[in-house]
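Coordinates from work_8.json are shown below (JSON, C-alpha atoms).
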[["chain", "number", "residue", "atom", "x", "y", "z"],
["P", 9, "MET", "CA", 12.07, 27.40, -62.62],
["P", 10, "SER", "CA", 9.26, 26.82, -65.09],
["P", 11, "ALA", "CA", 10.59, 23.58, -66.62],
["P", 12, "SER", "CA", 10.84, 20.30, -64.74],
["P", 13, "TYR", "CA", 14.23, 18.63, -64.62],
["P", 14, "LEU", "CA", 15.16, 15.13, -63.43],
["P", 15, "LEU", "CA", 18.20, 13.23, -62.28],
["P", 16, "VAL", "CA", 17.58, 9.62, -63.31],
["P", 17, "ILE", "CA", 19.74, 6.89, -61.78],
["P", 18, "THR", "CA", 20.46, 3.41, -63.05],
["P", 19, "THR", "CA", 23.28, 0.87, -62.98],
["P", 20, "CYS", "CA", 24.78, -1.49, -65.56],
["P", 21, "PRO", "CA", 26.85, -4.62, -65.07],
["P", 22, "ASP", "CA", 29.83, -3.33, -67.08],
["P", 23, "ILE", "CA", 31.25, -0.27, -68.81],
["P", 24, "ALA", "CA", 30.37, -1.51, -72.32],
["P", 25, "SER", "CA", 26.64, -1.77, -71.61],
["P", 26, "ALA", "CA", 26.70, 1.54, -69.70],
["P", 27, "LYS", "CA", 28.38, 3.34, -72.63],
["P", 28, "GLN", "CA", 25.90, 1.81, -75.09],
["P", 29, "LEU", "CA", 22.95, 2.95, -72.98],
["P", 30, "ALA", "CA", 24.40, 6.42, -72.33],
["P", 31, "THR", "CA", 25.13, 6.92, -76.03],
["P", 32, "ALA", "CA", 21.60, 5.85, -77.01],
["P", 33, "LEU", "CA", 20.04, 8.29, -74.52],
["P", 34, "VAL", "CA", 22.16, 11.27, -75.59],
["P", 35, "ALA", "CA", 21.88, 10.45, -79.31],
["P", 36, "ALA", "CA", 18.07, 10.30, -78.97],
["P", 37, "LYS", "CA", 18.24, 13.77, -77.37],
["P", 38, "VAL", "CA", 16.26, 12.65, -74.33],
["P", 39, "ALA", "CA", 19.23, 13.19, -72.00],
["P", 40, "ALA", "CA", 21.59, 16.14, -72.00],
["P", 41, "CYS", "CA", 24.34, 14.29, -70.17],
["P", 42, "VAL", "CA", 24.97, 10.85, -68.69],
["P", 43, "GLN", "CA", 27.76, 10.42, -66.18],
["P", 44, "LEU", "CA", 29.27, 6.98, -65.65],
["P", 45, "TYR", "CA", 30.75, 5.95, -62.32],
["P", 46, "PRO", "CA", 32.60, 2.66, -62.89],
["P", 47, "GLN", "CA", 33.15, 0.08, -60.19],
["P", 48, "VAL", "CA", 30.57, 0.82, -57.56],
["P", 49, "GLU", "CA", 29.79, -2.13, -55.31],
["P", 50, "SER", "CA", 26.11, -3.00, -54.96],
["P", 51, "VAL", "CA", 24.74, -5.22, -52.20],
["P", 52, "TYR", "CA", 21.13, -6.31, -52.69],
["P", 53, "ILE", "CA", 18.67, -9.16, -52.39],
["P", 54, "TRP", "CA", 17.69, -10.96, -55.61],
["P", 55, "GLU", "CA", 15.55, -14.09, -55.63],
["P", 56, "GLY", "CA", 15.98, -14.47, -51.87],
["P", 57, "GLU", "CA", 19.78, -14.31, -51.88],
["P", 58, "VAL", "CA", 22.11, -11.54, -50.74],
["P", 59, "CYS", "CA", 24.20, -10.58, -53.77],
["P", 60, "HIS", "CA", 27.35, -8.50, -54.25],
["P", 61, "SER", "CA", 28.01, -7.04, -57.69],
["P", 62, "SER", "CA", 30.50, -4.65, -59.20],
["P", 63, "GLU", "CA", 28.47, -2.26, -61.36],
["P", 64, "VAL", "CA", 28.65, 1.02, -63.26],
["P", 65, "ALA", "CA", 26.39, 3.71, -61.76],
["P", 66, "MET", "CA", 24.80, 6.16, -64.19],
["P", 67, "HIS", "CA", 23.41, 9.65, -63.58],
["P", 68, "ILE", "CA", 21.15, 10.85, -66.38],
["P", 69, "LYS", "CA", 20.28, 14.56, -66.52],
["P", 70, "CYS", "CA", 17.10, 15.28, -68.47],
["P", 71, "MET", "CA", 13.77, 17.01, -68.76],
["P", 72, "ALA", "CA", 10.89, 15.37, -66.89],
["P", 73, "ASP", "CA", 8.90, 15.23, -70.14],
["P", 74, "ASN", "CA", 11.48, 12.77, -71.50],
["P", 75, "TYR", "CA", 11.19, 10.21, -68.70],
["P", 76, "ASP", "CA", 8.83, 7.84, -70.55],
["P", 77, "VAL", "CA", 11.17, 7.64, -73.56],
["P", 78, "ILE", "CA", 14.18, 7.16, -71.26],
["P", 79, "GLU", "CA", 12.36, 4.32, -69.49],
["P", 80, "LYS", "CA", 11.60, 2.63, -72.81],
["P", 81, "ILE", "CA", 15.21, 2.91, -74.02],
["P", 82, "VAL", "CA", 16.51, 1.54, -70.71],
["P", 83, "ILE", "CA", 14.09, -1.40, -70.80],
["P", 84, "ASP", "CA", 14.94, -2.13, -74.46],
["P", 85, "LEU", "CA", 18.73, -1.99, -74.05],
["P", 86, "HIS", "CA", 19.41, -2.97, -70.45],
["P", 87, "PRO", "CA", 20.81, -6.46, -69.81],
["P", 88, "TYR", "CA", 19.12, -6.84, -66.41],
["P", 89, "GLU", "CA", 15.70, -8.45, -66.04],
["P", 90, "VAL", "CA", 14.69, -5.66, -63.63],
["P", 91, "PRO", "CA", 17.00, -2.66, -64.02],
["P", 92, "GLU", "CA", 17.23, 0.00, -61.36],
["P", 93, "LEU", "CA", 15.53, 3.13, -62.66],
["P", 94, "ILE", "CA", 14.90, 5.93, -60.18],
["P", 95, "ALA", "CA", 14.06, 9.53, -61.01],
["P", 96, "THR", "CA", 14.36, 12.40, -58.61],
["P", 97, "PRO", "CA", 13.36, 15.99, -59.33],
["P", 98, "ILE", "CA", 16.06, 18.62, -59.64],
["P", 99, "THR", "CA", 14.60, 21.44, -57.59],
["P", 100, "GLN", "CA", 17.57, 23.79, -57.72],
["P", 101, "GLY", "CA", 20.61, 24.21, -59.93],
["P", 102, "LEU", "CA", 22.79, 26.69, -61.73],
["P", 103, "PRO", "CA", 20.38, 28.42, -64.13],
["P", 104, "ASN", "CA", 22.81, 28.27, -67.07],
["P", 105, "TYR", "CA", 23.32, 24.51, -66.54],
["P", 106, "LEU", "CA", 19.57, 23.88, -66.36],
["P", 107, "HIS", "CA", 19.10, 25.95, -69.51],
["P", 108, "TRP", "CA", 21.73, 23.77, -71.20],
["P", 109, "ILE", "CA", 19.81, 20.62, -70.22],
["P", 110, "LYS", "CA", 16.66, 22.10, -71.74],
["P", 111, "GLU", "CA", 18.41, 23.21, -74.93],
["P", 112, "THR", "CA", 20.20, 19.92, -75.59],
["P", 113, "SER", "CA", 17.34, 17.53, -74.92],
["P", 114, "GLN", "CA", 13.92, 17.45, -76.53],
["P", 115, "SER", "CA", 10.96, 18.38, -74.38]]
Target format structure tokens, applied to this file:
Amino acid sequence: MSASYLLVITTCPDIASAKQLATALVAAKVAACVQLYPQVESVYIWEGEVCHSSEVAMHIKCMADNYDVIEKIVIDLHPYEVPELIATPITQGLPNYLHWIKETSQS
């Protein structure tokens, strides 16, 4: 695989903000696909307190070259003060699917 692909993960507090963010990423052609997983339960510590939140998990498939633009869009549109934003390399995948990611997102 000559190109570098990423799976970027974030969460949003509700489906409306998740759809807005997903649409912005795909429309900007920095993500080929964003999958939304409504109603995941997150347990975390924020400002010294254990918190429980119902959130929408998001999986963003993209080229590694687009990460900086994705980060900027997430920071600009995300309602959280410190949004989760984690990127992991895609080291293997169906070649035709990876080609589709490359063709549908700028790199």
Which of these, P:Ile78, P:Asp84, P:Lys37, P:Glu63, has the shortest distance to P:Glu49 once you count all atoms listed in the file?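 That would be P:Glu63, the residue with the smallest distance to P:Glu49.
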* To do: Fewer than 4 positions away in the same chain doesn't count, so skip those; otherwise give me all residues within 12 Å of P:Glu89, counting all atoms listed in the file, as a PyMOL selection string.
  => chain P and resi 20-21+54-55+82-85
Residue with the minimum atom-to-atom distance to P:Glu79, picked from P:Ile109, P:Met66, P:Ala95, P:Ala24 with only C-alpha atoms counted, is P:Ala95
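Taking all atoms listed in the file into account, P:Pro97 lies nearest to P:Ser12 out of the set P:Ser50, P:Ser12, P:Thr112, P:Asn74.
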Notebook entry, point to check: If you count only C-alpha atoms, which residues fall within 10 Å of P:Val42, apart from same-chain ones fewer than 5 positions away, as number ranges by chain?
Noted result: P: 15-17, 26-27, 29-31, 33-34, 66-70
Quiz item: Which residue out of P:Ala11, P:Gln100, P:Tyr75, P:Glu57 has the minimum interatomic distance to P:Ala39 when only C-alpha atoms are used?
Solution: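 Of P:Ala11, P:Gln100, P:Tyr75, P:Glu57, the one nearest P:Ala39, counting only C-alpha atoms, is P:Tyr75.
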Selection as an mmCIF file with C-alpha atoms, in the frame of the given file: residues within 9 Å of (20.1, 21.0, -66.5), counting all atoms listed in the file:
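What ended up in out-v1.cif:
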data_model
loop_
_atom_site.group_PDB
_atom_site.id
_atom_site.type_symbol
_atom_site.label_atom_id
_atom_site.label_comp_id
_atom_site.auth_asym_id
_atom_site.auth_seq_id
_atom_site.Cartn_x
_atom_site.Cartn_y
_atom_site.Cartn_z
ATOM 1 C CA TYR P 13 14.230 18.630 -64.620
ATOM 2 C CA LEU P 14 15.160 15.130 -63.430
ATOM 3 C CA ALA P 40 21.590 16.140 -72.000
ATOM 4 C CA CYS P 41 24.340 14.290 -70.170
ATOM 5 C CA LYS P 69 20.280 14.560 -66.520
ATOM 6 C CA CYS P 70 17.100 15.280 -68.470
ATOM 7 C CA MET P 71 13.770 17.010 -68.760
ATOM 8 C CA ILE P 98 16.060 18.620 -59.640
ATOM 9 C CA GLY P 101 20.610 24.210 -59.930
ATOM 10 C CA LEU P 102 22.790 26.690 -61.730
ATOM 11 C CA PRO P 103 20.380 28.420 -64.130
ATOM 12 C CA ASN P 104 22.810 28.270 -67.070
ATOM 13 C CA TYR P 105 23.320 24.510 -66.540
ATOM 14 C CA LEU P 106 19.570 23.880 -66.360
ATOM 15 C CA HIS P 107 19.100 25.950 -69.510
ATOM 16 C CA TRP P 108 21.730 23.770 -71.200
ATOM 17 C CA ILE P 109 19.810 20.620 -70.220
ATOM 18 C CA LYS P 110 16.660 22.100 -71.740
ATOM 19 C CA GLU P 111 18.410 23.210 -74.930
#
What does the distance between atom CA of P:Ser62 and atom CA of P:Ala32 come to in Å, to one decimal place?
->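 Answer for the atom CA of P:Ser62 to atom CA of P:Ala32 separation: 22.5 Å.
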Atom pair atom CA of P:Gln47 + atom CA of P:Thr99, distance 28.4 Å
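As for atom CA of P:Pro91 and atom CA of P:Pro46, they are spaced 16.5 Å apart.
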Review point. So which one's closest to P:Val77, P:Ser61, P:Gln114, P:Thr19, P:Gln28? Using all atoms listed in the file, please.
Key: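 Smallest separation from P:Val77 among the options: P:Gln114.
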N, CA, C and O atoms for stretch 19-34 of chain P, written as a PDB file, in the frame of the given file, could you do that?
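Produced file selection06.pdb, reproduced below:
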ATOM      1  N   THR P  19      21.979   1.531 -62.997  1.00  0.00           N
ATOM      2  CA  THR P  19      23.280   0.870 -62.980  1.00  0.00           C
ATOM      3  C   THR P  19      23.327  -0.133 -64.125  1.00  0.00           C
ATOM      4  O   THR P  19      22.291  -0.592 -64.601  1.00  0.00           O
ATOM      5  N   CYS P  20      24.551  -0.449 -64.550  1.00  0.00           N
ATOM      6  CA  CYS P  20      24.780  -1.490 -65.560  1.00  0.00           C
ATOM      7  C   CYS P  20      25.848  -2.433 -65.038  1.00  0.00           C
ATOM      8  O   CYS P  20      26.655  -2.056 -64.188  1.00  0.00           O
ATOM      9  N   PRO P  21      25.886  -3.645 -65.569  1.00  0.00           N
ATOM     10  CA  PRO P  21      26.850  -4.620 -65.070  1.00  0.00           C
ATOM     11  C   PRO P  21      28.290  -4.368 -65.513  1.00  0.00           C
ATOM     12  O   PRO P  21      29.226  -4.893 -64.909  1.00  0.00           O
ATOM     13  N   ASP P  22      28.480  -3.558 -66.572  1.00  0.00           N
ATOM     14  CA  ASP P  22      29.830  -3.330 -67.080  1.00  0.00           C
ATOM     15  C   ASP P  22      29.866  -2.025 -67.864  1.00  0.00           C
ATOM     16  O   ASP P  22      28.828  -1.457 -68.207  1.00  0.00           O
ATOM     17  N   ILE P  23      31.082  -1.562 -68.136  1.00  0.00           N
ATOM     18  CA  ILE P  23      31.250  -0.270 -68.810  1.00  0.00           C
ATOM     19  C   ILE P  23      30.730  -0.307 -70.248  1.00  0.00           C
ATOM     20  O   ILE P  23      30.193   0.682 -70.736  1.00  0.00           O
ATOM     21  N   ALA P  24      30.843  -1.429 -70.924  1.00  0.00           N
ATOM     22  CA  ALA P  24      30.370  -1.510 -72.320  1.00  0.00           C
ATOM     23  C   ALA P  24      28.867  -1.292 -72.405  1.00  0.00           C
ATOM     24  O   ALA P  24      28.395  -0.506 -73.241  1.00  0.00           O
ATOM     25  N   SER P  25      28.101  -1.959 -71.559  1.00  0.00           N
ATOM     26  CA  SER P  25      26.640  -1.770 -71.610  1.00  0.00           C
ATOM     27  C   SER P  25      26.247  -0.383 -71.130  1.00  0.00           C
ATOM     28  O   SER P  25      25.300   0.211 -71.639  1.00  0.00           O
ATOM     29  N   ALA P  26      26.986   0.178 -70.172  1.00  0.00           N
ATOM     30  CA  ALA P  26      26.700   1.540 -69.700  1.00  0.00           C
ATOM     31  C   ALA P  26      26.959   2.555 -70.802  1.00  0.00           C
ATOM     32  O   ALA P  26      26.157   3.476 -71.011  1.00  0.00           O
ATOM     33  N   LYS P  27      28.069   2.414 -71.528  1.00  0.00           N
ATOM     34  CA  LYS P  27      28.380   3.340 -72.630  1.00  0.00           C
ATOM     35  C   LYS P  27      27.346   3.223 -73.741  1.00  0.00           C
ATOM     36  O   LYS P  27      26.942   4.229 -74.330  1.00  0.00           O
ATOM     37  N   GLN P  28      26.909   1.992 -74.039  1.00  0.00           N
ATOM     38  CA  GLN P  28      25.900   1.810 -75.090  1.00  0.00           C
ATOM     39  C   GLN P  28      24.599   2.510 -74.692  1.00  0.00           C
ATOM     40  O   GLN P  28      23.994   3.218 -75.501  1.00  0.00           O
ATOM     41  N   LEU P  29      24.178   2.327 -73.448  1.00  0.00           N
ATOM     42  CA  LEU P  29      22.950   2.950 -72.980  1.00  0.00           C
ATOM     43  C   LEU P  29      23.086   4.465 -72.936  1.00  0.00           C
ATOM     44  O   LEU P  29      22.197   5.190 -73.402  1.00  0.00           O
ATOM     45  N   ALA P  30      24.190   4.973 -72.414  1.00  0.00           N
ATOM     46  CA  ALA P  30      24.400   6.420 -72.330  1.00  0.00           C
ATOM     47  C   ALA P  30      24.398   7.045 -73.729  1.00  0.00           C
ATOM     48  O   ALA P  30      23.765   8.091 -73.950  1.00  0.00           O
ATOM     49  N   THR P  31      25.080   6.411 -74.659  1.00  0.00           N
ATOM     50  CA  THR P  31      25.130   6.920 -76.030  1.00  0.00           C
ATOM     51  C   THR P  31      23.748   6.951 -76.659  1.00  0.00           C
ATOM     52  O   THR P  31      23.380   7.926 -77.319  1.00  0.00           O
ATOM     53  N   ALA P  32      22.963   5.906 -76.449  1.00  0.00           N
ATOM     54  CA  ALA P  32      21.600   5.850 -77.010  1.00  0.00           C
ATOM     55  C   ALA P  32      20.743   6.979 -76.440  1.00  0.00           C
ATOM     56  O   ALA P  32      19.980   7.620 -77.179  1.00  0.00           O
ATOM     57  N   LEU P  33      20.854   7.253 -75.158  1.00  0.00           N
ATOM     58  CA  LEU P  33      20.040   8.290 -74.520  1.00  0.00           C
ATOM     59  C   LEU P  33      20.416   9.690 -75.014  1.00  0.00           C
ATOM     60  O   LEU P  33      19.539  10.505 -75.318  1.00  0.00           O
ATOM     61  N   VAL P  34      21.716   9.954 -75.120  1.00  0.00           N
ATOM     62  CA  VAL P  34      22.160  11.270 -75.590  1.00  0.00           C
ATOM     63  C   VAL P  34      21.884  11.430 -77.081  1.00  0.00           C
ATOM     64  O   VAL P  34      21.420  12.484 -77.525  1.00  0.00           O
TER      65      VAL P  34
END
